[in-house]
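For reference, final.txt (compact mmCIF, C-alpha atoms):
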# COMPACT_ATOMS: atom_id res chain seq x y z
CA MET H 1 -119.97 -6.20 -42.17
CA ASP H 2 -120.07 -6.85 -38.41
CA THR H 3 -122.29 -9.92 -38.80
CA THR H 4 -120.83 -13.35 -37.97
CA ILE H 5 -122.31 -16.35 -39.77
CA LEU H 6 -121.64 -19.97 -38.79
CA VAL H 7 -122.17 -22.44 -41.66
CA VAL H 8 -122.89 -26.05 -40.64
CA GLU H 9 -122.78 -28.54 -43.54
CA ASP H 10 -121.43 -32.10 -43.54
CA GLU H 11 -120.61 -32.06 -47.30
CA VAL H 12 -117.21 -30.38 -47.72
CA VAL H 13 -117.85 -29.04 -51.27
CA GLN H 14 -121.13 -27.40 -50.24
CA LEU H 15 -119.58 -26.04 -47.04
CA GLU H 16 -116.63 -24.41 -48.83
CA SER H 17 -118.82 -23.04 -51.63
CA ILE H 18 -121.32 -21.36 -49.30
CA ALA H 19 -118.66 -20.13 -46.86
CA GLY H 20 -116.57 -18.68 -49.67
CA PHE H 21 -119.55 -16.86 -51.17
CA LEU H 22 -120.55 -15.32 -47.83
CA ALA H 23 -116.96 -14.26 -47.10
CA LYS H 24 -116.86 -12.39 -50.45
CA GLN H 25 -120.02 -10.53 -49.36
CA GLY H 26 -118.06 -9.16 -46.41
CA TYR H 27 -119.43 -11.36 -43.63
CA ARG H 28 -117.25 -12.95 -40.97
CA VAL H 29 -117.69 -16.66 -41.65
CA LEU H 30 -117.10 -19.67 -39.39
CA LYS H 31 -117.38 -23.27 -40.64
CA SER H 32 -118.20 -26.67 -39.20
CA GLN H 33 -118.94 -30.11 -40.69
CA ARG H 34 -120.25 -31.46 -37.39
CA PRO H 35 -123.18 -30.11 -35.36
CA GLN H 36 -121.47 -30.80 -32.03
CA LYS H 37 -118.43 -28.80 -33.07
CA ALA H 38 -120.81 -26.05 -34.22
CA LEU H 39 -122.25 -25.90 -30.71
CA ASP H 40 -118.73 -25.53 -29.29
CA ILE H 41 -117.97 -22.72 -31.76
CA ALA H 42 -121.23 -20.95 -30.90
CA ALA H 43 -120.35 -21.20 -27.19
CA GLN H 44 -116.96 -19.55 -27.76
CA GLU H 45 -117.76 -17.04 -30.50
CA ALA H 46 -120.31 -14.26 -30.83
CA VAL H 47 -122.39 -15.80 -33.63
CA ASP H 48 -125.29 -13.82 -35.13
CA ILE H 49 -126.64 -16.28 -37.72
CA VAL H 50 -126.29 -20.06 -38.05
CA LEU H 51 -126.87 -21.51 -41.53
CA THR H 52 -127.34 -25.26 -41.09
CA ASP H 53 -128.22 -28.29 -43.16
CA PHE H 54 -131.39 -30.10 -42.11
CA ARG H 55 -130.10 -33.69 -42.37
CA MET H 56 -126.75 -34.48 -40.72
CA PRO H 57 -125.29 -37.64 -39.16
CA GLU H 58 -124.96 -36.48 -35.53
CA MET H 59 -128.21 -34.56 -35.17
CA THR H 60 -130.86 -32.91 -37.32
CA GLY H 61 -131.03 -29.21 -38.01
CA VAL H 62 -134.04 -28.98 -35.68
CA GLU H 63 -132.08 -30.58 -32.84
CA LEU H 64 -129.20 -28.18 -33.47
CA LEU H 65 -131.69 -25.30 -33.55
CA SER H 66 -133.08 -26.34 -30.16
CA ALA H 67 -129.61 -26.64 -28.61
CA LEU H 68 -128.51 -23.27 -30.00
CA LYS H 69 -131.65 -21.46 -28.83
CA GLN H 70 -131.36 -22.99 -25.38
CA ARG H 71 -127.88 -21.51 -25.01
CA ASN H 72 -128.57 -18.20 -26.74
CA PRO H 73 -132.15 -17.29 -27.71
CA ALA H 74 -130.88 -14.29 -29.72
CA VAL H 75 -129.02 -16.34 -32.35
CA GLU H 76 -130.86 -16.64 -35.69
CA VAL H 77 -130.98 -20.02 -37.46
CA ILE H 78 -131.62 -20.55 -41.17
CA ILE H 79 -132.35 -24.13 -42.28
CA MET H 80 -131.07 -25.56 -45.61
CA THR H 81 -133.22 -28.45 -46.76
CA ALA H 82 -133.95 -30.59 -49.78
CA PHE H 83 -137.21 -29.80 -51.61
CA GLY H 84 -138.89 -32.93 -50.25
CA SER H 85 -138.26 -31.84 -46.64
CA VAL H 86 -139.80 -28.37 -46.86
CA GLU H 87 -142.58 -29.34 -44.42
CA SER H 88 -139.93 -30.22 -41.82
CA ALA H 89 -138.26 -26.85 -42.39
CA ILE H 90 -141.58 -25.08 -41.84
CA GLU H 91 -141.96 -26.98 -38.57
CA ALA H 92 -138.47 -25.75 -37.66
CA MET H 93 -139.65 -22.18 -38.21
CA LYS H 94 -142.48 -22.78 -35.76
CA LEU H 95 -139.80 -23.81 -33.26
CA GLY H 96 -137.82 -20.61 -33.75
CA ALA H 97 -135.91 -20.83 -37.06
CA ALA H 98 -135.66 -17.46 -38.82
CA ASP H 99 -136.15 -18.87 -42.35
CA TYR H 100 -135.33 -21.77 -44.67
CA ILE H 101 -133.93 -22.22 -48.18
CA THR H 102 -134.07 -25.27 -50.42
CA LYS H 103 -131.10 -27.21 -51.78
CA PRO H 104 -129.30 -26.98 -54.07
CA VAL H 105 -128.72 -23.55 -52.61
CA ASP H 106 -129.31 -20.57 -54.87
CA LEU H 107 -126.55 -18.24 -53.64
CA HIS H 108 -128.40 -15.08 -54.63
CA ARG H 109 -131.52 -16.30 -52.80
CA LEU H 110 -129.27 -17.06 -49.83
CA GLN H 111 -127.90 -13.52 -49.92
CA THR H 112 -131.45 -12.09 -49.87
CA THR H 113 -132.51 -14.39 -47.01
CA ILE H 114 -129.54 -13.35 -44.88
CA ARG H 115 -130.09 -9.65 -45.60
CA ASN H 116 -133.76 -10.00 -44.64
CA THR H 117 -132.78 -11.72 -41.40
CA ILE H 118 -130.29 -8.98 -40.54
CA GLU H 119 -132.81 -6.25 -41.36
CA ARG H 120 -135.50 -7.94 -39.25
CA ASN H 121 -133.08 -8.10 -36.31
CA ARG H 122 -132.23 -4.42 -36.78
CA LEU H 123 -135.92 -3.48 -36.69
CA ILE H 124 -136.49 -5.62 -33.60
CA SER H 125 -133.53 -3.94 -31.86
CA GLU H 126 -134.80 -0.48 -32.80
CA ASN H 127 -138.27 -1.37 -31.57
CA ARG H 128 -136.82 -2.64 -28.30
CA LEU H 129 -134.84 0.60 -27.92
CA LEU H 130 -137.94 2.66 -28.67
CA LYS H 131 -139.90 0.76 -26.03
CA THR H 132 -137.10 1.38 -23.52
CA GLN H 133 -137.11 5.09 -24.30
CA LEU H 134 -140.89 5.26 -23.97
CA SER H 135 -140.71 3.37 -20.69
CA GLU H 136 -138.16 5.83 -19.35
CA ARG H 137 -140.18 8.79 -20.62
CA PHE H 138 -143.43 7.61 -19.06
CA GLY H 139 -142.05 6.62 -15.68
CA PHE H 140 -142.23 2.83 -15.84
CA LYS H 141 -138.45 2.36 -15.85
CA GLY H 142 -138.42 1.27 -12.22
CA ILE H 143 -140.72 -1.69 -12.83
CA VAL H 144 -138.58 -4.69 -13.73
CA SER H 145 -140.50 -7.28 -15.73
CA GLN H 146 -140.45 -9.32 -18.91
CA SER H 147 -143.49 -11.57 -18.45
CA SER H 148 -146.60 -11.33 -20.60
CA ALA H 149 -148.70 -11.00 -17.43
CA MET H 150 -146.87 -7.84 -16.37
CA ALA H 151 -146.83 -6.57 -19.95
CA GLN H 152 -150.63 -6.53 -19.77
CA VAL H 153 -150.49 -4.66 -16.46
CA MET H 154 -148.12 -2.08 -17.93
CA SER H 155 -150.29 -1.73 -21.01
CA ILE H 156 -153.34 -0.81 -18.92
CA ALA H 157 -151.30 1.44 -16.64
CA GLY H 158 -149.74 3.21 -19.61
CA ARG H 159 -153.13 3.95 -21.13
CA VAL H 160 -154.72 5.24 -17.91
CA ALA H 161 -151.68 7.23 -16.69
CA ALA H 162 -152.38 10.32 -18.79
CA THR H 163 -156.00 10.55 -17.57
CA THR H 164 -157.46 11.65 -14.24
CA ALA H 165 -159.43 8.40 -13.77
CA THR H 166 -159.48 6.85 -10.32
CA VAL H 167 -157.59 3.54 -10.28
CA LEU H 168 -157.98 0.51 -8.02
CA ILE H 169 -154.90 -1.72 -7.86
CA THR H 170 -155.43 -5.22 -6.48
CA GLY H 171 -152.97 -7.98 -5.68
CA GLU H 172 -151.36 -9.94 -2.90
CA THR H 173 -149.02 -8.33 -0.39
CA GLY H 174 -145.56 -7.72 -1.83
CA THR H 175 -146.51 -7.71 -5.53
CA GLY H 176 -145.55 -4.06 -6.07
CA LYS H 177 -148.83 -2.16 -5.91
CA GLU H 178 -147.22 1.06 -4.69
CA LEU H 179 -144.58 0.85 -7.43
CA VAL H 180 -147.33 0.78 -10.07
CA ALA H 181 -149.12 3.64 -8.31
CA LYS H 182 -145.94 5.74 -8.46
CA ALA H 183 -145.47 4.88 -12.12
CA LEU H 184 -149.02 6.07 -12.80
CA HIS H 185 -148.30 9.37 -11.05
CA TYR H 186 -144.88 10.08 -12.56
CA SER H 187 -146.22 9.24 -16.03
CA SER H 188 -149.15 11.63 -15.67
CA PRO H 189 -149.56 15.39 -16.20
CA ARG H 190 -149.52 15.64 -12.38
CA SER H 191 -145.95 14.35 -12.11
CA GLY H 192 -144.64 17.79 -11.12
CA ASN H 193 -146.90 17.80 -8.06
CA PRO H 194 -146.75 15.63 -4.90
CA PHE H 195 -147.24 11.87 -4.70
CA VAL H 196 -148.58 11.21 -1.20
CA ALA H 197 -149.19 7.75 0.27
CA VAL H 198 -151.20 6.63 3.29
CA ASN H 199 -151.43 3.05 4.60
CA CYS H 200 -154.86 2.59 6.16
CA ALA H 201 -153.86 -0.68 7.85
CA ALA H 202 -151.02 1.04 9.74
CA LEU H 203 -153.24 3.63 11.45
CA PRO H 204 -155.91 3.19 14.14
CA GLU H 205 -159.41 4.37 13.25
CA THR H 206 -159.13 7.31 15.65
CA LEU H 207 -156.13 8.71 13.76
CA LEU H 208 -157.00 7.73 10.21
CA GLU H 209 -159.61 10.46 9.72
CA SER H 210 -157.15 13.13 10.88
CA GLU H 211 -154.40 11.67 8.65
CA LEU H 212 -156.64 11.82 5.60
CA PHE H 213 -158.47 15.11 6.12
CA GLY H 214 -156.41 16.98 8.72
CA HIS H 215 -157.80 18.67 11.85
CA GLU H 216 -158.33 22.10 13.37
CA LYS H 217 -156.65 23.24 16.54
CA GLY H 218 -158.68 22.02 19.53
CA ALA H 219 -160.66 19.50 17.46
CA PHE H 220 -159.86 16.78 20.04
CA THR H 221 -157.62 16.21 23.02
CA GLY H 222 -154.03 16.67 21.95
CA ALA H 223 -154.87 18.70 18.83
CA ASP H 224 -152.81 21.70 19.93
CA LYS H 225 -152.40 23.12 16.41
CA LEU H 226 -153.89 22.97 12.92
CA ARG H 227 -152.74 19.94 10.94
CA ARG H 228 -153.05 19.47 7.22
CA GLY H 229 -154.08 15.99 6.11
CA ARG H 230 -152.91 13.85 3.20
CA PHE H 231 -155.55 15.29 0.85
CA GLU H 232 -154.18 18.79 1.33
CA SER H 233 -150.58 17.59 1.05
CA ALA H 234 -151.40 15.91 -2.28
CA GLN H 235 -153.10 18.97 -3.84
CA GLY H 236 -152.57 18.95 -7.60
CA GLY H 237 -150.96 15.52 -7.40
CA THR H 238 -151.85 11.93 -6.53
CA LEU H 239 -153.02 10.40 -3.26
CA PHE H 240 -152.23 6.71 -2.95
CA ILE H 241 -154.58 5.07 -0.45
CA ASP H 242 -153.02 1.71 0.37
CA GLU H 243 -155.04 -1.08 2.02
CA VAL H 244 -158.25 0.81 1.30
CA GLY H 245 -160.24 -2.25 2.43
CA GLU H 246 -159.23 -1.47 6.04
CA ILE H 247 -161.11 1.85 6.11
CA PRO H 248 -164.01 1.60 8.59
CA LEU H 249 -167.56 2.20 7.36
CA SER H 250 -167.80 5.52 9.19
CA LEU H 251 -164.90 6.91 7.16
CA GLN H 252 -165.99 5.30 3.91
CA VAL H 253 -168.88 7.78 3.78
CA LYS H 254 -166.49 10.74 4.00
CA LEU H 255 -164.13 9.30 1.38
CA LEU H 256 -167.11 8.78 -0.93
CA ARG H 257 -168.06 12.43 -0.53
CA VAL H 258 -164.56 13.52 -1.55
CA LEU H 259 -164.79 11.42 -4.70
CA GLN H 260 -168.27 12.78 -5.51
CA GLU H 261 -168.00 16.42 -4.47
CA LYS H 262 -164.23 16.99 -4.81
CA THR H 263 -164.29 18.64 -1.39
CA PHE H 264 -163.55 17.58 2.20
CA GLU H 265 -163.65 19.04 5.70
CA ARG H 266 -160.95 18.97 8.35
CA VAL H 267 -161.86 17.30 11.63
CA GLY H 268 -163.40 20.00 13.84
CA SER H 269 -164.36 22.25 10.92
CA SER H 270 -167.37 22.71 8.68
CA ALA H 271 -165.55 24.75 6.04
CA PRO H 272 -165.15 22.75 2.80
CA GLN H 273 -161.70 22.42 1.29
CA ALA H 274 -161.17 21.81 -2.42
CA ALA H 275 -159.68 18.40 -3.27
CA ASP H 276 -157.79 18.62 -6.55
CA VAL H 277 -156.37 15.13 -6.09
CA ARG H 278 -156.23 12.01 -8.20
CA ILE H 279 -157.02 8.90 -6.17
CA VAL H 280 -155.14 5.64 -6.69
CA ALA H 281 -156.26 2.99 -4.20
CA ALA H 282 -154.86 -0.46 -3.51
CA THR H 283 -155.89 -3.53 -1.57
CA ASN H 284 -155.00 -7.18 -1.08
CA ARG H 285 -158.55 -7.96 0.02
CA ASP H 286 -161.57 -9.06 -2.03
CA LEU H 287 -163.64 -5.88 -2.03
CA GLU H 288 -166.50 -7.51 -3.94
CA SER H 289 -166.94 -10.05 -1.14
CA MET H 290 -166.76 -7.23 1.40
CA VAL H 291 -169.50 -5.41 -0.50
CA ARG H 292 -171.66 -8.54 -0.36
CA ASP H 293 -171.19 -8.99 3.40
CA GLY H 294 -171.75 -5.27 4.06
CA SER H 295 -168.28 -4.36 5.36
CA PHE H 296 -167.50 -2.16 2.34
CA ARG H 297 -169.88 0.29 0.69
CA ALA H 298 -170.96 -0.65 -2.82
CA ASP H 299 -171.14 2.99 -3.98
CA LEU H 300 -167.56 3.64 -2.77
CA TYR H 301 -166.34 0.46 -4.43
CA TYR H 302 -167.71 1.53 -7.81
CA ARG H 303 -166.27 5.04 -7.37
CA LEU H 304 -162.82 3.59 -6.69
CA ASN H 305 -163.01 0.87 -9.32
CA VAL H 306 -163.22 3.12 -12.40
CA VAL H 307 -160.14 1.37 -13.78
CA SER H 308 -158.98 -1.88 -12.19
CA ILE H 309 -155.41 -3.16 -12.40
CA ARG H 310 -154.66 -6.60 -10.96
CA ILE H 311 -151.00 -7.34 -10.30
CA PRO H 312 -150.45 -11.11 -10.51
CA PRO H 313 -148.42 -12.84 -7.78
CA LEU H 314 -144.83 -13.77 -8.60
CA ARG H 315 -145.68 -17.48 -8.85
CA GLU H 316 -147.90 -16.63 -11.85
CA ARG H 317 -145.13 -14.71 -13.65
CA ARG H 318 -141.94 -16.68 -13.08
CA ASP H 319 -140.40 -15.12 -16.21
CA ASP H 320 -139.88 -12.01 -14.07
CA ILE H 321 -137.67 -13.80 -11.53
CA PRO H 322 -134.34 -13.63 -13.49
CA PRO H 323 -134.53 -9.88 -14.29
CA LEU H 324 -135.68 -9.11 -10.73
CA VAL H 325 -132.76 -11.12 -9.33
CA ASP H 326 -130.35 -9.20 -11.58
CA ALA H 327 -131.80 -5.87 -10.43
CA PHE H 328 -131.57 -6.82 -6.74
CA LEU H 329 -128.02 -8.14 -7.22
CA LYS H 330 -126.87 -4.81 -8.67
CA ARG H 331 -128.57 -2.81 -5.94
CA PHE H 332 -127.44 -4.78 -2.89
CA SER H 333 -123.96 -5.60 -4.20
CA GLY H 334 -123.28 -1.87 -4.37
CA GLU H 335 -125.01 -1.22 -1.06
CA TYR H 336 -122.94 -3.80 0.81
CA GLY H 337 -119.74 -3.26 -1.18
CA LYS H 338 -119.54 -6.90 -2.31
CA GLN H 339 -118.51 -8.14 -5.76
CA VAL H 340 -121.42 -10.51 -6.38
CA GLU H 341 -121.81 -11.17 -10.09
CA GLY H 342 -124.60 -13.72 -10.27
CA LEU H 343 -126.11 -17.02 -9.16
CA SER H 344 -125.08 -20.58 -9.84
CA ARG H 345 -127.39 -22.61 -12.06
CA GLU H 346 -128.53 -24.65 -9.03
CA ALA H 347 -129.33 -21.51 -7.01
CA MET H 348 -131.31 -19.95 -9.87
CA ASP H 349 -133.14 -23.25 -10.43
CA ALA H 350 -134.19 -23.24 -6.75
CA LEU H 351 -135.43 -19.65 -7.00
CA MET H 352 -137.40 -20.45 -10.16
CA LYS H 353 -139.19 -23.35 -8.40
CA TYR H 354 -140.03 -21.56 -5.13
CA SER H 355 -143.63 -20.45 -4.55
CA TYR H 356 -142.96 -16.96 -3.03
CA PRO H 357 -145.82 -16.46 -0.58
CA GLY H 358 -144.29 -13.00 0.05
CA ASN H 359 -144.03 -12.26 -3.70
CA VAL H 360 -141.46 -9.75 -5.04
CA ARG H 361 -140.77 -8.39 -1.58
CA GLU H 362 -139.76 -11.88 -0.43
CA LEU H 363 -137.51 -12.40 -3.47
CA GLU H 364 -135.84 -9.08 -2.67
CA ASN H 365 -135.26 -10.25 0.90
CA ILE H 366 -133.84 -13.59 -0.29
CA VAL H 367 -131.35 -11.94 -2.65
CA GLN H 368 -130.35 -9.38 -0.02
CA GLN H 369 -129.73 -12.09 2.58
CA SER H 370 -127.82 -14.24 0.11
CA ILE H 371 -125.48 -11.38 -0.80
CA VAL H 372 -124.75 -10.73 2.87
CA LEU H 373 -123.90 -14.42 3.46
CA SER H 374 -122.08 -15.14 0.18
CA ARG H 375 -118.39 -16.02 0.32
CA SER H 376 -117.71 -15.78 -3.41
CA PRO H 377 -118.72 -13.71 -6.46
CA VAL H 378 -121.36 -16.34 -7.29
CA ILE H 379 -124.30 -17.08 -4.99
CA THR H 380 -124.72 -20.82 -4.51
CA ARG H 381 -127.46 -22.98 -3.00
CA GLU H 382 -125.60 -22.79 0.32
CA ASP H 383 -126.11 -19.01 0.40
CA LEU H 384 -129.89 -19.17 -0.06
CA PRO H 385 -132.21 -19.28 2.97
CA TYR H 386 -133.41 -22.80 3.67
CA ARG H 387 -137.08 -22.00 3.35
CA VAL H 388 -136.46 -21.95 -0.41
CA PHE H 389 -135.70 -25.69 -0.27
CA ASP H 390 -137.53 -26.72 2.89
CA PRO H 391 -140.76 -24.73 3.22
CA CYS H 392 -142.61 -25.17 6.49
CA PRO H 393 -144.41 -28.54 6.18
CA GLU H 394 -147.25 -27.35 8.40
CA CYS H 395 -148.04 -24.50 5.99
CA ASP H 396 -149.45 -26.77 3.30
CA THR H 397 -150.96 -29.39 5.59
CA PRO H 398 -154.77 -29.27 5.89
CA GLU H 399 -155.95 -28.19 9.30
CA GLY H 400 -156.45 -31.11 11.64
CA GLN H 401 -153.98 -33.38 9.86
CA GLN H 402 -150.74 -32.11 11.42
CA GLY H 403 -150.58 -35.19 13.63
CA SER H 404 -150.03 -37.62 10.78
CA PHE H 405 -147.41 -37.50 8.04
CA THR H 406 -145.96 -34.07 8.90
CA GLU H 407 -145.31 -34.83 12.55
CA LYS H 408 -143.80 -38.21 11.71
CA VAL H 409 -141.35 -36.58 9.28
CA MET H 410 -140.41 -33.95 11.84
CA ALA H 411 -139.98 -36.54 14.58
CA PHE H 412 -137.77 -38.62 12.28
CA GLU H 413 -135.59 -35.57 11.51
CA ARG H 414 -135.26 -34.74 15.23
CA GLU H 415 -134.26 -38.32 15.98
CA MET H 416 -131.60 -38.33 13.25
CA ILE H 417 -130.19 -34.98 14.40
CA LEU H 418 -130.07 -36.08 18.05
CA GLY H 419 -128.36 -39.33 17.04
CA ALA H 420 -125.76 -37.49 14.94
CA LEU H 421 -125.06 -34.98 17.73
CA GLU H 422 -124.64 -37.77 20.24
CA GLU H 423 -122.27 -39.63 17.92
CA ALA H 424 -120.30 -36.43 17.28
CA GLY H 425 -120.05 -35.50 20.96
CA ASN H 426 -122.29 -32.49 20.32
CA VAL H 427 -119.79 -31.01 17.84
CA GLN H 428 -122.06 -29.44 15.22
CA THR H 429 -119.51 -29.50 12.39
CA ARG H 430 -118.97 -33.24 12.83
CA ALA H 431 -122.71 -33.90 13.23
CA ALA H 432 -123.41 -32.08 9.97
CA GLU H 433 -120.83 -34.30 8.21
CA ILE H 434 -122.49 -37.42 9.60
CA LEU H 435 -125.90 -36.21 8.36
CA GLY H 436 -124.49 -35.22 4.97
CA ILE H 437 -125.62 -31.59 5.24
CA SER H 438 -123.86 -28.27 5.78
CA GLU H 439 -123.30 -26.91 9.28
CA ARG H 440 -125.50 -23.95 8.38
CA HIS H 441 -128.33 -26.29 7.38
CA LEU H 442 -127.94 -28.11 10.68
CA ARG H 443 -128.15 -24.83 12.62
CA TYR H 444 -131.33 -24.01 10.69
CA LYS H 445 -132.86 -27.36 11.68
CA LEU H 446 -131.83 -26.92 15.34
CA LYS H 447 -133.50 -23.52 15.40
CA LYS H 448 -136.58 -24.80 13.56
CA TYR H 449 -137.15 -27.60 16.07
CA GLY H 450 -136.14 -25.51 19.13
CA MET H 451 -133.22 -27.81 19.91
CA LYS H 452 -130.19 -26.53 21.84

With the file now loaded, output its structure as structure tokens.
Amino acid sequence: MDTTILVVEDEVVQLESIAGFLAKQGYRVLKSQRPQKALDIAAQEAVDIVLTDFRMPEMTGVELLSALKQRNPAVEVIIMTAFGSVESAIEAMKLGAADYITKPVDLHRLQTTIRNTIERNRLISENRLLKTQLSERFGFKGIVSQSSAMAQVMSIAGRVAATTATVLITGETGTGKELVAKALHYSSPRSGNPFVAVNCAALPETLLESELFGHEKGAFTGADKLRRGRFESAQGGTLFIDEVGEIPLSLQVKLLRVLQEKTFERVGSSAPQAADVRIVAATNRDLESMVRDGSFRADLYYRLNVVSIRIPPLRERRDDIPPLVDAFLKRFSGEYGKQVEGLSREAMDALMKYSYPGNVRELENIVQQSIVLSRSPVITREDLPYRVFDPCPECDTPEGQQGSFTEKVMAFEREMILGALEEAGNVQTRAAEILGISERHLRYKLKKYGMK
């Protein structure tokens, strides 16, 4: 069999008996009397299952379980315990152990337990493969995530994709609203037809109506020919209306009519045009508050909000940071022709702790910048932008209090930098050494404080 089992037992007779039995069953067997040595073996070998005693001199089976799972969450651990310690073994299962067996070990029961563990792993792997295939089939392959928060988002999106229901996607800037909108389209029966996007915040009010509905020749000054709008371009497909909260009230009435009547009119025409378009709208604004203050029509809001999908900010789904980093590393390493394989533990730790006001888009920018500046195959803390470690102090300071603690800290930093530069004869490399920081960090501080 291609399964490797590591047996950890401090009693030599028991160790040899169990290891010998498993070897006869065709498993590849590794042995250790000491838990610490077992950890070393697991670090060097591809171990599938660890069979460990519960009570050992160096550490308990639960402590070994914790250490093994921390290094490799995929390894399965089976606890061997005396009958009187069964409750402890059950607690170990709550912490991630696959199963337990009582001592003295019944070898046939052991064989069944191991086979069950292998079979369970096989089913989990097949299920994971099936989910991957379904994801690829239904167009969600491009969305990188492993958090439970995004799993809920994908669950809702997957269920609504096959329908024609209007969808409202909410979330902060940079969370990936357009990516979800595209997944909805390419997972729908309309995937063979156009996906058309319009950003309402990027267009002045005078042009937005023409962009959405098109215009006739001569409809206004400069309209020298007929122009088809986004609704016509998206016929049979999906129209993604981004930043829908920026649409002025005068246009909200016309958009509402399209949703109700499934028709629209070009600017300068009274002839209705059919609108066979699915609407997916998105906003980073609180539309309910806008409805209350009268800046957004209630009837339009309810027409758009048939199905609501909220994309949580990155700070609420930090489990997604490692896979997103990996995806950005692969993309930008190839784009820039650099052999960047990963991040140091310190660099990844810094990324995991950062708050990401710019969300996924900011993380993408950070990884891209770090790859450009990296000098080795591994991105280190030195390669990361300094805002990751030194966010703008003023940003989190309540208004009206900038003159107290924040300004004193900044003044102290300026004074230290000026003193170091003076001592170093204005040689930045030497000044950085005196301050105990890198030259790049010093340049960042000089730029931050406007010092030449």

The residue from H:Gly26, H:Pro312, H:Gly171, H:Pro73 with the smallest atom-to-atom distance to Ser145 in chain H, counting all atoms listed in the file, is H:Pro312

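Of the listed residues (H:Arg278, H:Arg443, H:Lys254, H:Arg115), H:Lys254 comes nearest to Leu300 in chain H; the distances count only C-alpha atoms.
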
Determine the nearest neighbour of Leu39 in chain H from the options H:Met154, H:Met56, H:Val86, H:Val8, counting all atoms listed in the file. H:Val8

Take the point (-165.7, 19.7, 14.7) as written in the file and pick out every residue within 12 Å of it, counting only C-alpha atoms; give the list as an mmCIF file with C-alpha atoms, in the frame of the given file.
data_model
loop_
_atom_site.group_PDB
_atom_site.id
_atom_site.type_symbol
_atom_site.label_atom_id
_atom_site.label_comp_id
_atom_site.auth_asym_id
_atom_site.auth_seq_id
_atom_site.Cartn_x
_atom_site.Cartn_y
_atom_site.Cartn_z
ATOM 1 C CA SER H 210 -157.150 13.130 10.880
ATOM 2 C CA GLY H 214 -156.410 16.980 8.720
ATOM 3 C CA HIS H 215 -157.800 18.670 11.850
ATOM 4 C CA GLU H 216 -158.330 22.100 13.370
ATOM 5 C CA LYS H 217 -156.650 23.240 16.540
ATOM 6 C CA GLY H 218 -158.680 22.020 19.530
ATOM 7 C CA ALA H 219 -160.660 19.500 17.460
ATOM 8 C CA PHE H 220 -159.860 16.780 20.040
ATOM 9 C CA ALA H 223 -154.870 18.700 18.830
ATOM 10 C CA GLU H 265 -163.650 19.040 5.700
ATOM 11 C CA ARG H 266 -160.950 18.970 8.350
ATOM 12 C CA VAL H 267 -161.860 17.300 11.630
ATOM 13 C CA GLY H 268 -163.400 20.000 13.840
ATOM 14 C CA SER H 269 -164.360 22.250 10.920
ATOM 15 C CA SER H 270 -167.370 22.710 8.680
ATOM 16 C CA ALA H 271 -165.550 24.750 6.040
#

Spatial neighbours of Ala274 in chain H, 12 Å, only C-alpha atoms, chain gap at least 6 places, as a ChimeraX atom specification: /H:213,231-236,257-266

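Between CA of Ala92 in chain H and CA of Gln146 in chain H the separation is 25.0 Å.
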
Residue neighbourhood Thr4 in chain H, 7 Å, only C-alpha atoms, exclusion window fewer than 4 positions, as a PyMOL selection string: chain H and resi 27-29+47-49

Which residue of H:Val153, H:Val62, H:Ile241, H:Leu68 approaches Val180 in chain H most closely, using all atoms listed in the file: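 Distance minimum relative to Val180 in chain H lands on H:Val153.
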
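Restricting the calculation to only C-alpha atoms, the smallest distance between Phe54 in chain H and any of H:Thr102, H:Thr238, H:Asn193, H:Ser250 is found for H:Thr102.
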
Neighbouring residues of Val50 in chain H were defined as those with any atom within 10 Å, considering all atoms listed in the file; residues of the same chain fewer than 6 positions away were excluded. Please report them as a list in words. Thr4, Ile5, Leu6, Val7, Val8, Val29, Leu30, Lys31, Ala38, Ala42, Leu64, Leu65, Leu68, Val75, Glu76, Val77, Ile78, Ile79, Ala97 and Ala98 of chain H

Considering only C-alpha atoms, return as a PyMOL selection string whatever protein or nucleic-acid residues lie within 12 Å of Pro313 in chain H, sequence-local ones (same chain, fewer than 3 positions apart) excluded. chain H and resi 147+149-150+170-177+284+310+316-321+355-363

Which residues are close to Glu382 in chain H, i.e. within 12 Å by only C-alpha atoms, leaving aside same-chain residues fewer than 2 positions away? Reply as a PyMOL selection string. chain H and resi 343-344+346-347+350+369-371+373-376+378-380+384-389+437-442+444

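The shortest atom-to-atom distance to Ile114 in chain H, with all atoms listed in the file taken into account, belongs to H:Leu51 out of H:Met451, H:Gly229, H:Leu51, H:Leu212.
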
In Å, how far is it from CA of Thr164 in chain H to CA of Leu314 in chain H?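 A separation of 28.9 Å between them.
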
By how many Å are CA of Val280 in chain H and CA of Phe240 in chain H apart? 4.9 Å

Could you pull out every residue with an atom within 8 Å of (-138.9, -22.5, -47.3), file coordinates, counting only C-alpha atoms, and send them as a PyMOL selection string? chain H and resi 86+89-90+99-102
